[in-house]
>>> print(open('model-v6.cif').read())   # mmCIF, C-alpha atoms
data_upload
#
loop_
_atom_site.label_atom_id
_atom_site.label_comp_id
_atom_site.auth_asym_id
_atom_site.auth_seq_id
_atom_site.Cartn_x
_atom_site.Cartn_y
_atom_site.Cartn_z
CA ARG A 1 3.13 -23.02 4.88
CA ALA A 2 6.90 -22.87 4.48
CA PHE A 3 8.54 -19.46 4.42
CA PRO A 4 12.23 -18.87 3.77
CA SER A 5 14.49 -17.41 6.46
CA GLU A 6 11.86 -17.68 9.17
CA THR A 7 14.48 -17.14 11.86
CA SER A 8 15.22 -13.63 10.60
CA ALA A 9 11.96 -12.67 8.85
CA ARG A 10 8.67 -11.78 10.47
CA LYS A 11 5.86 -14.14 9.47
CA MET A 12 2.51 -12.38 9.40
CA GLY A 13 -0.15 -14.37 7.59
CA GLY A 14 -0.10 -13.77 3.85
CA ILE A 15 3.25 -11.95 3.68
CA ILE A 16 6.55 -11.65 5.41
CA TRP A 17 8.88 -8.72 5.05
CA GLU A 18 12.55 -8.77 5.91
CA LEU A 19 14.72 -5.67 6.25
CA ASP A 20 18.18 -5.89 4.75
CA ALA A 21 20.51 -6.29 7.72
CA ARG A 22 22.65 -3.38 6.55
CA PHE A 23 19.78 -1.02 7.34
CA ALA A 24 18.84 -2.40 10.77
CA PRO A 25 19.57 -0.11 13.74
CA ALA A 26 22.69 -0.96 15.70
CA ASP A 27 22.51 -1.89 19.38
CA GLY A 28 21.58 1.20 21.37
CA GLU A 29 20.69 3.19 18.25
CA SER A 30 17.30 4.89 18.14
CA THR A 31 14.71 3.10 16.04
CA ALA A 32 12.63 6.29 15.66
CA ARG A 33 14.24 7.38 12.44
CA THR A 34 13.58 7.82 8.76
CA GLY A 35 15.76 7.05 5.77
CA PRO A 36 15.91 4.91 2.65
CA ARG A 37 16.24 1.16 3.10
CA LEU A 38 16.18 -2.16 1.27
CA GLY A 39 14.17 -5.26 2.05
CA THR A 40 12.43 -8.33 0.65
CA LEU A 41 8.70 -9.00 0.59
CA THR A 42 7.81 -12.70 0.42
CA THR A 43 4.38 -14.18 -0.26
CA ALA A 44 3.19 -17.77 -0.42
CA PRO A 45 -0.30 -17.67 -1.98
CA TRP A 46 -2.09 -21.00 -2.19
CA ASP A 47 -2.11 -20.98 -6.00
CA HIS A 48 1.69 -20.70 -6.32
CA PRO A 49 3.90 -23.76 -5.90
CA ASN A 50 6.64 -21.91 -3.99
CA PRO A 51 7.06 -18.73 -1.96
CA VAL A 52 7.83 -15.68 -4.10
CA GLY A 53 10.17 -12.90 -2.97
CA VAL A 54 10.41 -9.41 -4.46
CA PRO A 55 12.82 -6.64 -3.44
CA THR A 56 11.67 -3.41 -1.83
CA PRO A 57 11.27 -0.49 -2.32
CA MET A 58 8.65 -1.61 -4.81
CA ALA A 59 5.86 -0.08 -6.90
CA LEU A 60 2.61 -2.06 -6.98
CA THR A 61 0.98 -2.34 -10.41
CA TYR A 62 -2.28 -0.39 -10.60
CA THR A 63 -5.25 -2.56 -11.60
CA ARG A 64 -8.90 -2.21 -12.59
CA ARG A 65 -11.09 -4.93 -11.10
CA GLY A 66 -7.95 -6.84 -10.22
CA GLU A 67 -6.19 -6.75 -13.61
CA PRO A 68 -3.77 -4.30 -15.32
CA ALA A 69 -5.90 -2.29 -17.71
CA HIS A 70 -3.61 -2.22 -20.76
CA LEU A 71 -2.21 -5.76 -20.78
CA THR A 72 -3.83 -9.09 -21.59
CA PRO A 73 -3.45 -11.87 -18.99
CA ASP A 74 -1.03 -13.88 -21.16
CA ASN A 75 1.25 -10.84 -21.42
CA VAL A 76 1.02 -10.22 -17.69
CA ASP A 77 2.17 -13.78 -17.04
CA LEU A 78 5.35 -13.03 -19.02
CA LEU A 79 6.28 -10.06 -16.83
CA PRO A 80 8.93 -10.36 -14.10
CA ARG A 81 7.60 -11.11 -10.64
CA GLU A 82 8.15 -7.50 -9.51
CA ALA A 83 5.64 -6.30 -12.13
CA ARG A 84 3.06 -8.86 -10.99
CA THR A 85 2.65 -7.31 -7.55
CA PHE A 86 -0.83 -5.80 -7.69
CA HIS A 87 -2.61 -2.97 -5.97
CA VAL A 88 -6.33 -3.83 -5.97
CA SER A 89 -9.00 -1.29 -5.05
CA LEU A 90 -12.18 -2.83 -3.64
CA ALA A 91 -14.03 0.25 -4.86
CA HIS A 92 -13.85 -1.19 -8.41
CA PHE A 93 -15.96 -4.18 -7.37
CA MET A 94 -18.64 -2.29 -5.45
CA ASP A 95 -21.11 -1.72 -8.26
CA HIS A 96 -24.25 -3.85 -8.70
CA LEU A 97 -22.81 -7.18 -7.56
CA GLY A 98 -21.92 -8.35 -4.08
CA PRO A 99 -18.84 -10.26 -2.85
CA ASP A 100 -20.54 -13.61 -3.56
CA HIS A 101 -20.11 -12.87 -7.27
CA VAL A 102 -16.36 -13.19 -6.70
CA SER A 103 -16.18 -15.82 -3.96
CA ASN A 104 -18.50 -18.24 -5.81
CA THR A 105 -16.19 -18.37 -8.81
CA PRO A 106 -14.83 -21.94 -9.21
CA GLY A 107 -11.48 -22.00 -7.45
CA GLY A 108 -12.21 -19.00 -5.23
CA GLY A 109 -11.46 -15.33 -5.30
CA ARG A 110 -7.92 -15.48 -6.64
CA ARG A 111 -9.15 -17.52 -9.64
CA TYR A 112 -11.61 -14.75 -10.45
CA PHE A 113 -8.79 -12.73 -11.99
CA GLY A 114 -7.54 -13.60 -15.43
CA CYS A 115 -3.89 -13.43 -14.34
CA ARG A 116 -1.99 -14.65 -11.30
CA PRO A 117 -0.29 -11.94 -9.24
CA THR A 118 2.71 -12.79 -7.11
CA CYS A 119 1.42 -10.41 -4.43
CA MET A 120 -1.91 -8.63 -3.97
CA LEU A 121 -2.49 -5.69 -1.63
CA VAL A 122 -6.13 -4.63 -1.30
CA THR A 123 -7.31 -1.16 -0.23
CA ALA A 124 -10.61 0.70 -0.21
CA ARG A 125 -9.06 3.67 -2.00
CA ASP A 126 -8.58 4.12 -5.73
CA PRO A 127 -5.60 6.51 -5.96
CA LEU A 128 -6.81 7.91 -9.29
CA THR A 129 -10.38 8.76 -8.31
CA PHE A 130 -9.85 9.50 -4.60
CA ASP A 131 -11.38 12.91 -3.80
CA GLN A 132 -12.04 13.94 -0.22
CA ASP A 133 -14.40 16.72 -1.33
CA ALA A 134 -16.63 14.49 -3.47
CA LYS A 135 -18.17 12.26 -0.81
CA GLN A 136 -20.51 12.52 2.12
CA SER A 137 -19.22 12.77 5.67
CA ASN A 138 -18.31 9.48 7.31
CA THR A 139 -19.91 8.24 10.51
CA ASP A 140 -18.77 5.83 13.22
CA ALA A 141 -20.65 3.07 11.38
CA HIS A 142 -19.40 3.55 7.80
CA THR A 143 -17.24 5.39 5.31
CA PHE A 144 -17.87 6.34 1.69
CA VAL A 145 -15.70 5.31 -1.27
CA ALA A 146 -15.85 6.24 -4.94
CA SER A 147 -17.09 3.23 -6.96
CA PRO A 148 -17.84 2.71 -10.70
CA THR A 149 -21.46 3.65 -10.03
CA GLY A 150 -20.81 6.66 -7.81
CA THR A 151 -20.25 6.87 -4.07
CA THR A 152 -20.76 3.70 -2.07
CA LYS A 153 -21.26 3.32 1.67
CA VAL A 154 -18.96 0.72 3.24
CA THR A 155 -19.04 -0.76 6.75
CA THR A 156 -16.41 -2.98 8.37
CA ASP A 157 -18.75 -5.96 7.83
CA ASP A 158 -18.92 -5.15 4.10
CA TYR A 159 -15.17 -4.74 3.92
CA ALA A 160 -14.48 -8.03 5.74
CA ARG A 161 -16.79 -9.92 3.34
CA TRP A 162 -14.95 -8.48 0.36
CA ILE A 163 -11.57 -9.40 1.88
CA GLU A 164 -12.81 -12.95 2.32
CA ALA A 165 -13.99 -13.03 -1.31
CA ILE A 166 -10.93 -11.47 -2.97
CA GLN A 167 -8.41 -13.50 -0.90
CA PRO A 168 -5.53 -10.99 -0.97
CA ASP A 169 -2.11 -11.53 0.53
CA ALA A 170 -2.59 -8.36 2.57
CA PHE A 171 -5.06 -5.51 2.96
CA VAL A 172 -5.13 -2.00 4.37
CA ALA A 173 -7.76 -1.61 7.06
CA LEU A 174 -10.70 0.69 6.41
CA ALA A 175 -9.93 4.32 7.25
CA ASP A 176 -11.58 7.69 7.73
CA GLU A 177 -9.27 9.70 5.50
CA SER A 178 -8.75 13.15 7.01
CA PRO A 179 -7.76 15.97 4.61
CA SER A 180 -4.06 16.91 4.67
CA TRP A 181 -4.24 20.44 3.30
CA ARG A 182 -3.25 23.11 5.81
CA ASP A 183 -6.30 25.35 6.01
CA GLY A 184 -9.98 24.83 6.66
CA VAL A 185 -9.87 21.52 8.57
CA ALA A 186 -10.62 21.58 12.30
CA LEU A 187 -8.21 19.64 14.51
CA LYS A 188 -11.21 18.20 16.37
CA LYS A 189 -12.45 16.62 13.16
CA THR A 190 -8.98 15.28 12.39
CA LYS A 191 -8.71 13.66 15.83
CA GLN A 192 -12.17 12.16 15.37
CA ALA A 193 -11.06 10.61 12.06
CA SER A 194 -7.97 9.11 13.72
CA ALA A 195 -10.05 7.57 16.51
CA ARG A 196 -12.59 6.21 14.03
CA THR A 197 -9.82 4.68 11.91
CA GLU A 198 -8.35 2.87 14.92
CA LYS A 199 -11.81 1.63 15.92
CA TRP A 200 -12.34 0.14 12.45
CA LEU A 201 -8.86 -1.40 12.55
CA ALA A 202 -9.69 -3.24 15.78
CA GLN A 203 -12.97 -4.48 14.29
CA LEU A 204 -11.32 -5.76 11.09
CA LEU A 205 -8.55 -7.51 13.01
CA GLU A 206 -11.26 -9.51 14.77
CA LYS A 207 -13.46 -10.06 11.72
CA THR A 208 -10.63 -11.42 9.54
CA LYS A 209 -8.48 -13.30 12.06
CA ASP A 210 -10.05 -16.70 11.30
CA LEU A 211 -10.06 -16.48 7.51
CA PRO A 212 -8.44 -19.61 6.01
CA THR A 213 -6.21 -17.52 3.73
CA LYS A 214 -4.76 -15.59 6.71
CA PRO A 215 -4.35 -12.20 4.98
CA SER A 216 -1.89 -9.79 6.55
CA VAL A 217 -3.24 -6.49 7.89
CA PHE A 218 -1.79 -3.03 7.32
CA ALA A 219 -3.02 -0.29 9.67
CA SER A 220 -3.92 3.06 8.14
CA LEU A 221 -2.16 5.98 9.88
CA GLN A 222 -4.16 9.20 9.82
CA GLY A 223 -3.71 12.68 11.30
CA GLY A 224 -4.45 15.01 8.42
CA ALA A 225 -2.23 18.08 8.10
CA ASP A 226 -1.21 18.10 11.76
CA ALA A 227 2.18 16.43 12.28
CA GLU A 228 1.65 15.98 16.03
CA GLU A 229 -1.71 14.28 15.49
CA ARG A 230 -0.12 12.01 12.89
CA ARG A 231 2.57 11.06 15.40
CA ALA A 232 -0.01 10.47 18.14
CA CYS A 233 -2.16 8.32 15.82
CA ALA A 234 0.83 6.18 14.82
CA GLU A 235 2.04 5.80 18.41
CA GLY A 236 -1.40 4.74 19.64
CA ILE A 237 -1.91 2.16 16.91
CA VAL A 238 1.58 0.71 17.40
CA GLU A 239 1.10 0.49 21.17
CA ARG A 240 -2.36 -1.10 21.11
CA HIS A 241 -2.25 -3.22 17.92
CA GLY A 242 1.37 -3.46 16.79
CA PRO A 243 1.99 -7.21 17.32
CA ARG A 244 -1.02 -8.13 15.16
CA LEU A 245 -0.03 -5.92 12.23
CA ALA A 246 2.07 -6.81 9.19
CA GLY A 247 2.72 -3.21 8.17
CA PHE A 248 1.52 0.38 8.06
CA ALA A 249 -0.19 2.50 5.40
CA ILE A 250 0.37 6.26 5.58
CA GLY A 251 -3.01 7.72 4.72
CA SER A 252 -4.54 10.89 3.29
CA LEU A 253 -1.60 11.92 1.12
CA GLY A 254 -1.59 12.77 -2.58
CA ALA A 255 -4.94 14.49 -2.23
CA GLY A 256 -4.26 18.21 -2.14
CA GLU A 257 -1.55 18.73 0.47
CA THR A 258 1.42 20.97 -0.35
CA PRO A 259 4.32 18.97 -1.82
CA GLY A 260 7.82 19.51 -0.51
CA GLU A 261 8.70 20.05 3.14
CA HIS A 262 5.09 20.13 4.34
CA ARG A 263 4.39 16.68 2.91
CA ARG A 264 7.76 15.38 4.11
CA SER A 265 7.01 16.55 7.65
CA LEU A 266 3.74 14.57 7.61
CA LEU A 267 5.52 11.48 6.30
CA ARG A 268 8.21 11.73 8.99
CA ALA A 269 5.63 12.14 11.74
CA SER A 270 3.80 8.97 10.62
CA ILE A 271 6.93 6.90 9.96
CA GLU A 272 9.08 7.57 13.03
CA PRO A 273 6.81 5.82 15.59
CA THR A 274 6.45 2.65 13.47
CA PRO A 275 8.63 -0.43 14.09
CA TRP A 276 11.69 -0.50 11.85
CA ASP A 277 11.10 -4.19 10.98
CA LYS A 278 7.68 -3.74 9.33
CA PRO A 279 6.96 -2.36 5.85
CA ARG A 280 5.40 1.02 5.12
CA TYR A 281 3.03 1.73 2.25
CA VAL A 282 1.73 5.01 0.87
CA ALA A 283 -0.91 5.66 -1.81
CA GLY A 284 -1.37 8.71 -3.97
CA LEU A 285 2.32 9.58 -4.48
CA GLY A 286 2.90 7.90 -7.82
CA ALA A 287 4.84 10.55 -9.78
CA PRO A 288 8.58 9.75 -9.99
CA LEU A 289 9.80 12.64 -7.82
CA ASP A 290 7.07 11.98 -5.23
CA VAL A 291 8.12 8.32 -5.09
CA LEU A 292 11.79 9.26 -4.60
CA ASP A 293 10.80 11.61 -1.78
CA ALA A 294 8.80 8.87 -0.06
CA VAL A 295 11.52 6.24 -0.48
CA GLU A 296 14.13 8.64 0.88
CA LEU A 297 12.08 8.88 4.08
CA GLY A 298 11.66 5.11 4.48
CA VAL A 299 8.56 4.10 2.49
CA ASP A 300 8.83 0.54 1.15
CA LEU A 301 5.72 0.19 -1.03
CA VAL A 302 4.02 2.67 -3.38
CA GLU A 303 1.38 2.24 -6.07
CA ALA A 304 2.05 2.85 -9.76
CA SER A 305 -1.19 4.57 -10.78
CA PHE A 306 0.89 7.35 -12.37
CA CYS A 307 2.00 4.88 -15.07
CA HIS A 308 -1.62 3.94 -15.73
CA ARG A 309 -2.60 7.61 -16.02
CA CYS A 310 0.22 8.30 -18.51
CA THR A 311 -0.66 5.26 -20.61
CA THR A 312 -4.34 6.26 -20.72
CA GLN A 313 -3.33 9.70 -22.01
CA GLY A 314 -1.01 8.26 -24.67
CA TYR A 315 2.37 8.92 -23.07
CA ALA A 316 5.37 6.63 -22.63
CA LEU A 317 7.85 7.06 -19.80
CA THR A 318 11.58 6.88 -20.45
CA PHE A 319 14.38 7.43 -17.95
CA PRO A 320 18.05 8.07 -18.81
CA VAL A 321 20.39 5.25 -17.84
CA LYS A 322 23.59 7.24 -18.22
CA PRO A 323 24.15 10.29 -15.98
CA PRO A 324 24.31 13.69 -17.72
CA ALA A 325 27.71 14.87 -18.92
CA GLY A 326 29.71 16.57 -16.23
CA THR A 327 28.27 14.57 -13.32
CA LYS A 328 30.13 12.00 -11.26
CA GLY A 329 30.50 8.73 -13.13
CA SER A 330 29.75 10.24 -16.54
CA LYS A 331 33.35 10.09 -17.81
CA LYS A 332 33.65 7.62 -20.65
CA ARG A 333 35.90 4.62 -20.11
CA LYS A 334 38.10 3.17 -22.78
CA ARG A 335 37.14 -0.17 -24.27
CA GLY A 336 39.12 -3.06 -22.90
CA ASP A 337 40.12 -1.42 -19.64
CA GLY A 338 38.19 -4.05 -17.68
CA LYS A 339 35.68 -1.53 -16.35
CA ASP A 340 32.95 -1.77 -18.96
CA GLY A 341 29.55 -2.58 -17.41
#
>>> encode(input="model-v6.cif", output="structure tokens")
Amino acid sequence: RAFPSETSARKMGGIIWELDARFAPADGESTARTGPRLGTLTTAPWDHPNPVGVPTPMALTYTRRGEPAHLTPDNVDLLPREARTFHVSLAHFMDHLGPDHVSNTPGGGRRYFGCRPTCMLVTARDPLTFDQDAKQSNTDAHTFVASPTGTTKVTTDDYARWIEAIQPDAFVALADESPSWRDGVALKKTKQASARTEKWLAQLLEKTKDLPTKPSVFASLQGGADAEERRACAEGIVERHGPRLAGFAIGSLGAGETPGEHRRSLLRASIEPTPWDKPRYVAGLGAPLDVLDAVELGVDLVEASFCHRCTTQGYALTFPVKPPAGTKGSKKRKRGDGKDG
């Protein structure tokens, strides 16, 4: 499989991600930092003739059973490559049919979908229906996810079989999502969730390492509402599994925690221990201001479920291109002065 710029980009199975050199730390500069940055995510799925690169930060298109809910496949194929980067929740497939229903489709899992994404990131979590209060307690053997038929129990074996069937470019390892609101959650339970998440990560790294499609693995970083536990979780995962990981998913956000500085402190604690040359993904922060907050702290990938929610409720999103009057850059230029955009 030929990837562009392999001397400067990190090849990790289904994806590579390359940080724009302008944002790389200088010699002797600390790498434990946050801040906005630019990069390029490149995939080379087997059903595309050439590698496909998309710029980051990037919003992944929200899908239902692997397809955008409000567009037909022929319209999706007309979209720019950035819009054909898909977030796929395995919870949507866990109804009455098993993974064989997908993997036995002629041409394999990626042919199961009616359209052809340029990049596909799979998670267990649906950002629209995720509710930490609405499911049973997890155990060391399994977690629970919200599916179309209710709450479904998922083990690492189940998850690995679905990854094999769907054939994504990358997936986020199964996690025990610990609540991130400030009150009512014991630190002991939060630490237990972090340990369980790392245990499942190690199992999935082994269970998926020999898959022919070589999907990249993102580790889920937990720690609940405790910034120090988030930092400890990230440091432990980086130390013990870092070389085998393509990126990191910052978990348990967008589910009831206090926006603003509290949420930012949790993001910083999870981000700072991660390597600067690997991408960071966060789910559940789809509203425009939440996305800007995350990007400002160094998040590279978000999901666009907010757009799906607005469309379902009959709203259209518009954003001003010109800055408001009185702000820098708002002064009108004369025609013909050579400065028209």
>>> residues_around(input="model-v6.cif", residues="A:Pro127", least_positions_apart="3", cutoff="10 Å", atoms="all atoms listed in the file", output="list in words")
Tyr62, His87, Ser89, Thr123, Ala124, Phe130, Asp131, Leu253, Gly254, Ala255, Ala283, Gly284, Leu285, Gly286, Glu303, Ala304, Ser305 and Phe306 of chain A
>>> resolve_selection(input="model-v6.cif", expression="the PyMOL selection byres ((chain A and resi 35) around 8)", output="ChimeraX atom specification")
/A:33-34,36-37,295-298
>>> closest_residue(input="model-v6.cif", among="A:Leu221, A:Ala146, A:Ala325, A:Val88", to="A:Ser252", atoms="all atoms listed in the file")
A:Leu221
>>> residues_around(input="model-v6.cif", residues="stretch 232-235 of chain A", least_positions_apart="5", cutoff="7 Å", atoms="all atoms listed in the file", output="list in words")
Ser194, Leu221, Gln222, Gly223, Ser270, Pro273 and Thr274 of chain A
>>> residues_around(input="model-v6.cif", residues="A:Gly114", least_positions_apart="6", cutoff="10 Å", atoms="all atoms listed in the file", output="MDAnalysis selection string")
chainID A and resid 66:67 72:74 76:77
>>> closest_residue(input="model-v6.cif", among="A:Arg264, A:Arg240, A:His70, A:Arg309", to="A:Ala287", atoms="all atoms listed in the file")
A:Arg309
>>> residues_around(input="model-v6.cif", residues="stretch 24-27 of chain A", least_positions_apart="5", cutoff="10 Å", atoms="only C-alpha atoms", output="MDAnalysis selection string")
chainID A and resid 19 32:33 37:38 276:277
>>> atom_distance(input="model-v6.cif", atom1="atom CA of A:Glu198", atom2="atom CA of A:Ile237")
6.8 Å
>>> atom_distance(input="model-v6.cif", atom1="atom CA of A:Gln167", atom2="atom CA of A:Pro68")
17.7 Å
>>> closest_residue(input="model-v6.cif", among="A:Val291, A:Val238, A:Ala225, A:Val52", to="A:Glu272", atoms="only C-alpha atoms")
A:Val238
>>> decode(input="model-v6.cif", residues="stretch 63-110 of chain A", atoms="C-alpha atoms", output="PDB file, in the first residue's frame")
ATOM      1  CA  THR A  63     -24.339   8.455   9.818  1.00  0.00           C
ATOM      2  CA  ARG A  64     -27.121   5.985  10.558  1.00  0.00           C
ATOM      3  CA  ARG A  65     -26.144   2.395   9.766  1.00  0.00           C
ATOM      4  CA  GLY A  66     -23.170   3.734   7.859  1.00  0.00           C
ATOM      5  CA  GLU A  67     -24.935   6.290   5.641  1.00  0.00           C
ATOM      6  CA  PRO A  68     -25.874   9.999   6.030  1.00  0.00           C
ATOM      7  CA  ALA A  69     -29.549  10.019   6.943  1.00  0.00           C
ATOM      8  CA  HIS A  70     -30.767  12.890   4.748  1.00  0.00           C
ATOM      9  CA  LEU A  71     -28.827  12.304   1.520  1.00  0.00           C
ATOM     10  CA  THR A  72     -29.135   9.619  -1.137  1.00  0.00           C
ATOM     11  CA  PRO A  73     -25.942   7.743  -2.077  1.00  0.00           C
ATOM     12  CA  ASP A  74     -25.682   9.422  -5.502  1.00  0.00           C
ATOM     13  CA  ASN A  75     -25.764  12.837  -3.818  1.00  0.00           C
ATOM     14  CA  VAL A  76     -23.189  11.758  -1.261  1.00  0.00           C
ATOM     15  CA  ASP A  77     -20.842  10.748  -4.078  1.00  0.00           C
ATOM     16  CA  LEU A  78     -21.007  14.332  -5.392  1.00  0.00           C
ATOM     17  CA  LEU A  79     -19.849  15.829  -2.094  1.00  0.00           C
ATOM     18  CA  PRO A  80     -16.241  16.965  -1.590  1.00  0.00           C
ATOM     19  CA  ARG A  81     -13.960  14.414   0.023  1.00  0.00           C
ATOM     20  CA  GLU A  82     -14.043  16.254   3.365  1.00  0.00           C
ATOM     21  CA  ALA A  83     -17.808  15.645   3.603  1.00  0.00           C
ATOM     22  CA  ARG A  84     -17.365  11.936   2.857  1.00  0.00           C
ATOM     23  CA  THR A  85     -15.432  11.255   6.047  1.00  0.00           C
ATOM     24  CA  PHE A  86     -17.869   9.214   8.125  1.00  0.00           C
ATOM     25  CA  HIS A  87     -18.429   8.599  11.795  1.00  0.00           C
ATOM     26  CA  VAL A  88     -20.051   5.156  12.103  1.00  0.00           C
ATOM     27  CA  SER A  89     -21.596   3.930  15.352  1.00  0.00           C
ATOM     28  CA  LEU A  90     -21.606   0.149  15.733  1.00  0.00           C
ATOM     29  CA  ALA A  91     -24.593   0.541  18.044  1.00  0.00           C
ATOM     30  CA  HIS A  92     -26.770   1.122  14.950  1.00  0.00           C
ATOM     31  CA  PHE A  93     -26.016  -2.383  13.678  1.00  0.00           C
ATOM     32  CA  MET A  94     -26.557  -4.256  16.942  1.00  0.00           C
ATOM     33  CA  ASP A  95     -30.228  -5.076  16.558  1.00  0.00           C
ATOM     34  CA  HIS A  96     -31.455  -8.526  15.466  1.00  0.00           C
ATOM     35  CA  LEU A  97     -28.661  -9.352  13.019  1.00  0.00           C
ATOM     36  CA  GLY A  98     -25.074 -10.312  13.709  1.00  0.00           C
ATOM     37  CA  PRO A  99     -21.855  -9.140  12.012  1.00  0.00           C
ATOM     38  CA  ASP A 100     -22.116 -11.923   9.405  1.00  0.00           C
ATOM     39  CA  HIS A 101     -25.055 -10.033   7.899  1.00  0.00           C
ATOM     40  CA  VAL A 102     -22.555  -7.320   6.929  1.00  0.00           C
ATOM     41  CA  SER A 103     -19.408  -9.331   6.248  1.00  0.00           C
ATOM     42  CA  ASN A 104     -21.210 -11.807   3.943  1.00  0.00           C
ATOM     43  CA  THR A 105     -22.321  -9.036   1.615  1.00  0.00           C
ATOM     44  CA  PRO A 106     -20.678  -9.544  -1.823  1.00  0.00           C
ATOM     45  CA  GLY A 107     -17.551  -7.420  -1.841  1.00  0.00           C
ATOM     46  CA  GLY A 108     -17.241  -7.261   1.946  1.00  0.00           C
ATOM     47  CA  GLY A 109     -18.180  -4.831   4.648  1.00  0.00           C
ATOM     48  CA  ARG A 110     -17.347  -1.607   2.857  1.00  0.00           C
TER      49      ARG A 110
END
